[in-house]
>>> print(open('model.txt').read())   # compact mmCIF, C-alpha atoms
# COMPACT_ATOMS: atom_id res chain seq x y z
CA MET A 20 74.97 23.87 146.15
CA GLU A 21 77.93 22.39 144.30
CA LYS A 22 79.26 24.51 141.44
CA ILE A 23 79.39 22.44 138.26
CA GLU A 24 81.80 23.62 135.59
CA SER A 25 81.04 22.92 131.97
CA PHE A 26 83.35 20.63 130.08
CA TYR A 27 84.40 23.45 127.76
CA GLU A 28 85.15 25.85 130.63
CA GLU A 29 87.08 23.23 132.56
CA TYR A 30 89.15 22.03 129.60
CA GLU A 31 89.17 25.08 127.33
CA ASP A 32 92.95 25.09 127.00
CA MET A 33 92.92 21.40 125.99
CA PHE A 34 89.87 21.51 123.74
CA GLU A 35 91.85 21.26 120.49
CA GLU A 36 93.67 18.26 121.92
CA TYR A 37 90.30 16.68 122.79
CA LEU A 38 89.14 17.16 119.20
CA GLU A 39 92.42 15.81 117.82
CA ASN A 40 92.00 12.71 120.00
CA ALA A 41 88.57 12.20 118.43
CA ARG A 42 90.18 12.37 114.97
CA GLU A 43 92.90 9.92 116.02
CA ASN A 44 90.24 7.49 117.26
CA LEU A 45 88.52 7.69 113.89
CA LYS A 46 91.77 6.68 112.20
CA LYS A 47 91.73 3.51 114.31
CA SER A 48 88.05 2.66 114.41
CA ASN A 49 86.19 3.99 111.35
CA GLU A 50 86.89 2.06 108.14
CA GLU A 51 85.29 4.68 105.89
CA TYR A 52 87.37 7.46 107.46
CA VAL A 53 90.57 5.40 107.06
CA LYS A 54 89.71 4.69 103.42
CA LEU A 55 89.09 8.38 102.70
CA ARG A 56 92.27 9.43 104.50
CA ASN A 57 94.34 6.91 102.55
CA GLU A 58 92.82 8.09 99.27
CA TYR A 59 93.51 11.72 100.23
CA ASN A 60 97.15 10.94 101.05
CA LYS A 61 97.59 8.91 97.87
CA ILE A 62 96.39 11.81 95.73
CA LEU A 63 98.81 14.17 97.49
CA ASP A 64 101.68 11.69 97.13
CA GLU A 65 101.02 11.49 93.39
CA ASN A 66 100.62 15.27 92.92
CA GLU A 67 103.48 17.23 94.43
CA ASN A 68 102.17 20.46 92.90
CA LEU A 69 98.96 20.10 94.96
CA THR A 70 100.96 19.61 98.13
CA TRP A 71 102.79 22.87 97.47
CA ILE A 72 99.52 24.69 96.82
CA LEU A 73 97.85 23.34 99.98
CA GLU A 74 100.87 24.49 101.96
CA GLY A 75 100.32 28.02 100.61
CA ASN A 76 103.16 28.07 98.07
CA ILE A 77 101.09 29.25 95.11
CA LYS A 78 103.48 31.66 93.39
CA ASP A 79 104.11 30.64 89.77
CA ARG A 80 102.10 27.42 90.13
CA ILE A 81 100.04 26.34 87.17
CA LEU A 82 97.77 23.31 87.44
CA SER A 83 97.22 20.88 84.60
CA ASN A 84 93.75 19.55 83.84
CA GLU A 85 94.66 16.33 85.64
CA GLU A 86 95.80 18.27 88.71
CA CYS A 87 92.56 20.29 88.68
CA PHE A 88 90.55 17.06 88.76
CA ALA A 89 92.78 15.73 91.55
CA LEU A 90 92.28 18.95 93.52
CA SER A 91 88.53 18.67 93.07
CA LYS A 92 88.69 15.07 94.35
CA LEU A 93 90.77 16.22 97.36
CA VAL A 94 88.17 18.82 98.24
CA GLN A 95 85.36 16.25 98.07
CA ILE A 96 87.31 13.76 100.19
CA TYR A 97 88.07 16.50 102.71
CA TYR A 98 84.38 17.39 102.99
CA ASP A 99 83.48 13.71 103.45
CA MET A 100 86.10 13.36 106.20
CA GLN A 101 84.84 16.55 107.87
CA SER A 102 81.32 15.14 107.87
CA ILE A 103 82.49 11.98 109.63
CA GLU A 104 84.48 14.05 112.15
CA GLU A 105 81.52 16.33 112.87
CA LYS A 106 79.23 13.36 113.53
CA GLU A 107 81.80 11.85 115.87
CA ILE A 108 82.17 15.12 117.77
CA PHE A 109 78.37 15.48 117.97
CA PHE A 110 78.09 12.06 119.62
CA LEU A 111 81.00 12.82 121.95
CA GLY A 112 79.05 15.89 123.06
CA GLY A 113 76.03 13.69 123.71
CA LYS A 114 78.20 11.40 125.81
CA GLU A 115 79.39 14.37 127.87
CA VAL A 116 75.77 15.49 128.40
CA TYR A 117 74.85 11.99 129.59
CA PHE A 118 77.60 11.97 132.22
CA PHE A 119 76.77 15.55 133.22
CA PHE A 120 73.11 14.64 133.75
CA LYS A 121 74.15 11.59 135.82
CA LYS A 122 76.42 13.79 137.93
CA ILE A 123 73.69 16.30 138.75
CA GLY A 124 71.12 13.58 139.41
CA ILE A 125 68.81 13.98 136.44
CA LEU A 126 69.60 10.41 135.36
CA LYS A 127 69.88 7.51 137.74
>>> encode(input="model.txt", output="C-alpha cells")
Amino acid sequence: MEKIESFYEEYEDMFEEYLENARENLKKSNEEYVKLRNEYNKILDENENLTWILEGNIKDRILSNEECFALSKLVQIYYDMQSIEEKEIFFLGGKEVYFFFKKIGILK
C-alpha cells in the first residue's frame, strides 16, 4: 500500500510560507480585507507613537486620549483581519482534504 504523507508533514518547513501566501492572496482578491488593511496602515501612518509601541518600544511612551482610541480601533481592525484570514485558511484546508480524498480514491 502506498504511504500517503499529510500536507503538514510533507511541507512542515514551508508551512509559514504557505500561510503567508494565503494572506498575500487576500490582499489581491478580498475587497474587505484590503479595505481593513488600508485603514490599519492609515492609522499607523497618522500615529507614530502607536507604531513605536507595536514595535515594542514602550519605555517613556504616554498615549493621548486620541491615541488610545486609535489603538482600540487598530485592535478591532486586526481582529477583523484575523477572522478573514482564519476563514480563508479553513477553506484552504478543505481544498487540501478534497484533493487528498481524490488521491486515495474516496472521491471520483
>>> residues_around(input="model.txt", residues="region 41-51 of chain A", least_positions_apart="5", cutoff="8 Å", atoms="all atoms listed in the file", output="list of chain:residue names")
A:Glu104, A:Glu107, A:Ile108
>>> residues_around(input="model.txt", residues="Asn68 (chain A)", least_positions_apart="6", cutoff="9 Å", atoms="all atoms listed in the file", output="ChimeraX atom specification")
/A:80-82,86
>>> atom_distance(input="model.txt", atom1="CA of Asn57 (chain A)", atom2="CA of Phe34 (chain A)")
26.1 Å
>>> atom_distance(input="model.txt", atom1="CA of Lys54 (chain A)", atom2="CA of Glu74 (chain A)")
22.8 Å
>>> residues_near_point(input="model.txt", point="(95.3, 20.4, 92.6)", cutoff="9 Å", atoms="only C-alpha atoms", output="ChimeraX atom specification")
/A:63,66-70,72-73,82-93
>>> atom_distance(input="model.txt", atom1="CA of Asp32 (chain A)", atom2="CA of Phe120 (chain A)")
23.4 Å
>>> closest_residue(input="model.txt", among="A:Asp99, A:Glu105, A:Glu115, A:Glu35", to="Leu55 (chain A)", atoms="all atoms listed in the file")
A:Asp99
>>> axis_aligned_box(input="model.txt", around="region 28-38 of chain A", padding_each_side="3 Å", output="JSON")
{"center_x": 89.4, "center_y": 21.3, "center_z": 125.9, "size_x": 14.5, "size_y": 15.2, "size_z": 19.4}
>>> closest_residue(input="model.txt", among="A:Ile62, A:Leu111, A:Val116, A:Ile123", to="Ile96 (chain A)", atoms="all atoms listed in the file")
A:Ile62
